[in-house]
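Worksheet: the structure to be examined is printed underneath.
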Amino acid sequence: MRTRAAVLYAPHTDYVVEEIELDPPKEGEVLVQFEASGMCHSDEHMVTGDMAMDQEVLDMLGWQQYPIIMGHEGGGVVVEVGPGVTELSVGDHVVTSFVPSCGRCPSCASGNQNLCDMGAHLLSGHQADGTSRHHTLDGKDIATMCCLGTFAEHSVVHLNSLVKVEPDLPLDKACLVACGVTTGWGSATYAADVAPGETVVVIGTGGVGMNAVQGAHLAGARYVIAIDPVEFKREQAQQFGATHAVATAEEAQALLGELTWGRNAEKVIVTVGEGKGADVGTYMGLVAKGGKLVFTAVADMKANDVNLNLFDLAMQQKSLVGTIFGSANPRYDIPRLLGLYRSGQLKLDELVTRTYGLDDINQGYQDMRDGKNIRGVIVYGS
Ligand SMILES: [Zn+2]
Ligand SMILES: [Zn+2]
């Protein structure tokens with residue numbers, strides 16, 4: 001079939017919205033018609049080239065990076081199921097899970113679905129079987145982000161990348177739990193394991209960080225200090241449960257001195273748009289003795305340098321942990337978070353600053369770069 005998609009042909013270029021050829025679903029796969037897709041900052045790393053790999057490495061792995069259909073925060077309706085798919089039916093409402101969960105690998109079986117072995121395919125550009133369903137009209141394979149490609153009216157994705165949701169939930173809000181909400185919320189509640197009464201700092205309050213603020217607040221933190229250079233995001237953070245919002249880490253340091261009598265924050269969560277090793281020392285300076293720094297942000301794949309005082313790390317018994325997908329279990333946590341949304345305890349509507357049609361995707365990403373959006377959402381058919 002033919003569908004319309006936003007195709008990225010190379011780093012540092014605009015998305016091209018055009019018709020593509022989409023193959024029918026193979027074994028274990030599903031054709032989804034998307035109603036909405038969040039515009040996550042992670043997709044931007046293929047535009048800036050932070051996630052671009054050397055061609056010889058790609059050739060060795062048999063991977064493809066460009067052209068690519070980005071987008072991994074989708075909500076849609078099942079239109080067709082491939083052979084062997086019994087747990088989803090035509091008409092089911094689904095959100096994508098940017099990490100698939102097979103349910104059988106050691107990670108899934110031990111309750112760490114965010115680390116599913118199928119994640120090995122996430123950057124391959126292909127489906128799990130190593131082939132493509134997406135092609136240009138002249139027959140060239142098109143890669144997909146996280147085996148999904150939600151910046152398209154339709155996509156064929158593996159069953160393991162989909163979570164069925166209740167059909168009355170608005171998909172233009174529910175799609176946000178496919179990545180940003182769960183990642184931020186889980187960064188606070190799982191990776192940082194925020195406990196009642198703790199002081200938490202969240203660095204960068206965009207679509208992920210705002211949910212780390214919500215998660216820390218729901219977990220009972222006494223103080224939640226949001227750091228963001230954009231005034232609009234600082235104002236918004238207080239709506240999501242931040243007790244304080246400042247523009248820089250230096251301001252947060254001074255504030256922590258007053259609020260905690262110099263003890264600092266038990267938990268610091270880094271959810272900036274692009275993680276930089278040079279800043280880790282500054283972030284660690286906000287962490288209390290025995291406290292934890294959680295690193296959620298995506299960084300340049302090829303960067304190895306970190307500025308960190310190891311004496312301070314050991315003698316103050318601090319820890320530094322990374323997390324993907326907020327250390328959450330998508331099949332458990334996506335429905336759970338949507339339940340919290342339904343009961344009014346998790347804010348999703350307020351995360352959506354603006355909506356766009358697919359044709360306006362380049363404007364949407366420019367607004368993100370300009371700090372105008374907590375989350376921009378593409379609504380198909382709008
Ligand atoms: Zn994302
Ligand atoms: Zn698995």
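By order in the structure tokens, chains are A, B, ...; within a chain, residues start at 1; ligands start at 1, following the order shown.
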
Who sits within 12 Å of Leu256 (chain A), only C-alpha atoms, same chain under 4 positions skipped, as a count of residues only: 26

List every residue of region 162-293 of chain A that DSSP, applied to the backbone of this structure, places in strand (DSSP E), and write the result as a PyMOL selection string. chain A and resi 162-165+199-203+223-227+244-246+265-270+287-293

For region 93-123 of chain A against region 306-328 of chain A, with a cut-off of 8 Å and counting only C-alpha atoms, what is the closest atom pair and its distance in Å to one decimal for every residue that makes the cut, ordered by chain and number, as CSV?
residue,atom,partner,partner_atom,distance
A:Val99,CA,A:Phe325,CA,7.7
A:Asn112,CA,A:Ala328,CA,7.1
A:Gln113,CA,A:Ala328,CA,7.1
A:Asn114,CA,A:Ala328,CA,6.0
A:Leu115,CA,A:Ile324,CA,7.8

Just N, CA and C atoms for this one: save the residues we selected as an mmCIF file, in the first residue's frame.
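The result, stored in selection.cif:
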data_model
loop_
_atom_site.group_PDB
_atom_site.id
_atom_site.type_symbol
_atom_site.label_atom_id
_atom_site.label_comp_id
_atom_site.auth_asym_id
_atom_site.auth_seq_id
_atom_site.Cartn_x
_atom_site.Cartn_y
_atom_site.Cartn_z
ATOM 1 N N VAL A 99 10.995 0.592 23.192
ATOM 2 C CA VAL A 99 11.767 -0.651 23.307
ATOM 3 C C VAL A 99 10.754 -1.789 23.234
ATOM 4 N N ASN A 112 12.734 -6.777 33.588
ATOM 5 C CA ASN A 112 13.428 -5.604 33.038
ATOM 6 C C ASN A 112 13.141 -5.501 31.542
ATOM 7 N N GLN A 113 11.861 -5.314 31.238
ATOM 8 C CA GLN A 113 11.465 -5.294 29.825
ATOM 9 C C GLN A 113 12.121 -4.155 29.055
ATOM 10 N N ASN A 114 12.512 -3.102 29.750
ATOM 11 C CA ASN A 114 13.171 -1.985 29.059
ATOM 12 C C ASN A 114 14.527 -2.397 28.497
ATOM 13 N N LEU A 115 15.037 -3.540 28.940
ATOM 14 C CA LEU A 115 16.332 -4.034 28.452
ATOM 15 C C LEU A 115 16.170 -5.254 27.553
#

Residue with the minimum atom-to-atom distance to ligand 2, picked from A:Ala237, A:Ala303, A:Leu31, A:Ala120 with only C-alpha atoms and all ligand atoms counted, is A:Ala120

May I have the residues within 10 Å of Gly71 (chain A) as a PyMOL selection string, using only C-alpha atoms and disregarding those fewer than 4 positions away in the same chain? chain A and resi 6+37-44+98+144-152+378

7 Å shell around ligand 2 using only C-alpha atoms and all ligand atoms, listed as number ranges by chain: A: 101-108, 113, 116-118

Between A:Arg222, A:Gly257, A:Gly111, A:Ile203, single out the one closest to Glu274 (chain A), counting only C-alpha atoms.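 Looking at the shortest contact to Glu274 (chain A), the residue is A:Ile203.
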
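Counting from CA of Glu73 (chain A), the distance to CA of Glu87 (chain A) is 21.1 Å.
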
Run DSSP on the backbone and grab whatever in region 196-323 of chain A lands in helix (DSSP H, G or I); send it over as number ranges by chain. A: 209-218, 231-239, 249-259, 277-284, 310-315

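For Lys347 (chain A), the set of protein, DNA and RNA residues having any atom at most 9 Å away, when counting only C-alpha atoms and skipping those fewer than 6 positions along the same chain, is Asn211, Gln214, Phe240, Leu340 and Tyr341 of chain A.
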
Separating CA of Ala221 (chain A) from CA of Val194 (chain A), to the nearest tenth of an Å, is a gap of 6.8 Å

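Take the candidates A:Arg4, A:His45, A:Lys173, A:His72 and check each one against ligand 1 using only C-alpha atoms and all ligand atoms; the shortest distance goes to A:His72.
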
Skipping near chain neighbours, those fewer than 5 positions away, what residues fall within 12 Å of Gln363 (chain A) using only C-alpha atoms, listed as number ranges by chain? A: 14-15, 39, 354-358, 368-370, 372-373, 376-378

Can I get the selection written as a short mmCIF file (atom, residue, chain, number, x, y, z; two decimals), in the first residue's frame, with all heavy atoms?
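And here's out-v1.cif as it stands now:
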data_model
loop_
_atom_site.label_atom_id
_atom_site.label_comp_id
_atom_site.auth_asym_id
_atom_site.auth_seq_id
_atom_site.Cartn_x
_atom_site.Cartn_y
_atom_site.Cartn_z
N ASP A 14 15.99 18.99 6.35
CA ASP A 14 14.59 18.96 6.79
C ASP A 14 13.98 17.60 6.48
O ASP A 14 14.45 16.86 5.61
CB ASP A 14 13.79 20.03 6.03
CG ASP A 14 13.96 21.41 6.65
OD1 ASP A 14 14.47 21.50 7.78
OD2 ASP A 14 13.58 22.39 5.99
N TYR A 15 12.90 17.29 7.20
CA TYR A 15 12.09 16.13 6.83
C TYR A 15 11.38 16.41 5.50
O TYR A 15 10.93 17.53 5.25
CB TYR A 15 11.02 15.86 7.89
CG TYR A 15 11.57 15.35 9.20
CD1 TYR A 15 11.85 16.21 10.26
CD2 TYR A 15 11.79 13.99 9.39
CE1 TYR A 15 12.34 15.75 11.47
CE2 TYR A 15 12.29 13.51 10.61
CZ TYR A 15 12.56 14.39 11.64
OH TYR A 15 13.03 13.92 12.82
N MET A 39 6.53 14.29 19.39
CA MET A 39 7.78 14.68 18.74
C MET A 39 8.87 14.75 19.82
O MET A 39 9.10 15.77 20.43
CB MET A 39 7.60 16.03 18.04
CG MET A 39 6.50 15.95 17.00
SD MET A 39 6.02 17.56 16.37
CE MET A 39 7.40 17.88 15.32
N ARG A 354 1.53 22.19 21.71
CA ARG A 354 0.98 22.48 20.38
C ARG A 354 0.80 21.17 19.63
O ARG A 354 1.56 20.22 19.84
CB ARG A 354 1.94 23.34 19.56
CG ARG A 354 2.00 24.79 19.96
CD ARG A 354 2.95 25.59 19.07
NE ARG A 354 3.07 26.95 19.56
CZ ARG A 354 3.87 27.32 20.56
NH1 ARG A 354 4.63 26.44 21.15
NH2 ARG A 354 3.91 28.58 20.97
N THR A 355 -0.16 21.16 18.69
CA THR A 355 -0.29 20.03 17.79
C THR A 355 -0.02 20.51 16.36
O THR A 355 -0.16 21.70 16.05
CB THR A 355 -1.69 19.39 17.86
OG1 THR A 355 -2.66 20.36 17.48
CG2 THR A 355 -2.00 18.89 19.25
N TYR A 356 0.39 19.57 15.52
CA TYR A 356 0.78 19.87 14.14
C TYR A 356 0.20 18.82 13.22
O TYR A 356 0.03 17.66 13.62
CB TYR A 356 2.31 19.85 13.98
CG TYR A 356 3.04 20.78 14.92
CD1 TYR A 356 3.36 20.38 16.21
CD2 TYR A 356 3.40 22.06 14.51
CE1 TYR A 356 4.02 21.24 17.08
CE2 TYR A 356 4.07 22.93 15.38
CZ TYR A 356 4.37 22.51 16.66
OH TYR A 356 5.02 23.35 17.51
N GLY A 357 -0.02 19.17 11.95
CA GLY A 357 -0.25 18.17 10.93
C GLY A 357 1.09 17.60 10.48
O GLY A 357 2.15 18.21 10.72
N LEU A 358 1.08 16.44 9.84
CA LEU A 358 2.36 15.84 9.40
C LEU A 358 3.15 16.80 8.51
O LEU A 358 4.38 16.86 8.59
CB LEU A 358 2.08 14.53 8.66
CG LEU A 358 3.31 13.76 8.17
CD1 LEU A 358 4.20 13.32 9.35
CD2 LEU A 358 2.90 12.52 7.36
N MET A 368 10.48 23.09 18.91
CA MET A 368 11.16 22.37 20.00
C MET A 368 12.55 22.98 20.24
O MET A 368 12.94 23.25 21.37
CB MET A 368 11.28 20.89 19.67
CG MET A 368 11.87 20.07 20.81
SD MET A 368 12.64 18.53 20.25
CE MET A 368 14.12 19.17 19.48
N ARG A 369 13.29 23.20 19.13
CA ARG A 369 14.63 23.79 19.26
C ARG A 369 14.56 25.16 19.92
O ARG A 369 15.46 25.54 20.67
CB ARG A 369 15.28 23.93 17.88
CG ARG A 369 15.68 22.61 17.27
CD ARG A 369 16.13 22.78 15.80
NE ARG A 369 15.91 21.53 15.09
CZ ARG A 369 15.27 21.41 13.92
NH1 ARG A 369 14.82 22.48 13.29
NH2 ARG A 369 15.11 20.22 13.37
N ASP A 370 13.50 25.90 19.64
CA ASP A 370 13.35 27.24 20.19
C ASP A 370 12.81 27.23 21.62
O ASP A 370 12.57 28.29 22.20
CB ASP A 370 12.41 28.08 19.30
CG ASP A 370 13.01 28.35 17.93
OD1 ASP A 370 14.24 28.22 17.77
OD2 ASP A 370 12.24 28.69 17.00
N LYS A 372 9.90 26.27 22.69
CA LYS A 372 8.51 26.71 22.81
C LYS A 372 7.59 25.60 23.31
O LYS A 372 6.48 25.89 23.73
CB LYS A 372 8.00 27.18 21.44
CG LYS A 372 8.64 28.48 20.96
CD LYS A 372 8.03 28.87 19.61
CE LYS A 372 8.64 30.15 19.10
NZ LYS A 372 8.26 30.40 17.69
N ASN A 373 8.00 24.35 23.18
CA ASN A 373 7.10 23.25 23.49
C ASN A 373 7.61 22.39 24.64
O ASN A 373 8.80 22.08 24.70
CB ASN A 373 6.96 22.31 22.26
CG ASN A 373 6.20 22.96 21.12
OD1 ASN A 373 5.58 24.00 21.29
ND2 ASN A 373 6.25 22.33 19.96
N GLY A 376 5.44 18.80 21.43
CA GLY A 376 4.63 18.99 20.24
C GLY A 376 4.12 17.61 19.83
O GLY A 376 4.83 16.63 19.97
N VAL A 377 2.89 17.55 19.35
CA VAL A 377 2.31 16.26 18.92
C VAL A 377 1.77 16.40 17.51
O VAL A 377 1.06 17.36 17.20
CB VAL A 377 1.19 15.81 19.89
CG1 VAL A 377 0.47 14.57 19.37
CG2 VAL A 377 1.75 15.54 21.28
N ILE A 378 2.16 15.44 16.66
CA ILE A 378 1.57 15.38 15.32
C ILE A 378 0.24 14.66 15.42
O ILE A 378 0.16 13.55 15.99
CB ILE A 378 2.49 14.62 14.35
CG1 ILE A 378 3.79 15.40 14.15
CG2 ILE A 378 1.79 14.40 13.00
CD1 ILE A 378 4.83 14.66 13.33
#

Could you check how far CA of Pro83 (chain A) sits from CA of Leu122 (chain A), in Å to one decimal?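 Rounded to one decimal, the two atoms are 22.5 Å apart.
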
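The protein and nucleic acid residues lying at most 9 Å from Val47 (chain A) are Leu8, Ala10, Pro11, His12, Thr13, Asp14, Tyr15 and Ala52 of chain A, with only C-alpha atoms considered and sequence neighbours fewer than 5 positions away removed.
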
Spatial neighbours of Asp305 (chain A), 12 Å, only C-alpha atoms, chain gap at least 4 places, as a ChimeraX atom specification: /A:275-281,299-301

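Using only C-alpha atoms and all ligand atoms, the shortest contact distance between ligand 1 and any of A:Met60, A:Val94, A:Cys175, A:Met1 is found at A:Cys175.
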
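Using only C-alpha atoms for every distance, the candidate list A:Gly273, A:Pro100, A:Pro330, A:Gly49 yields A:Pro330 as the residue closest to Val181 (chain A).
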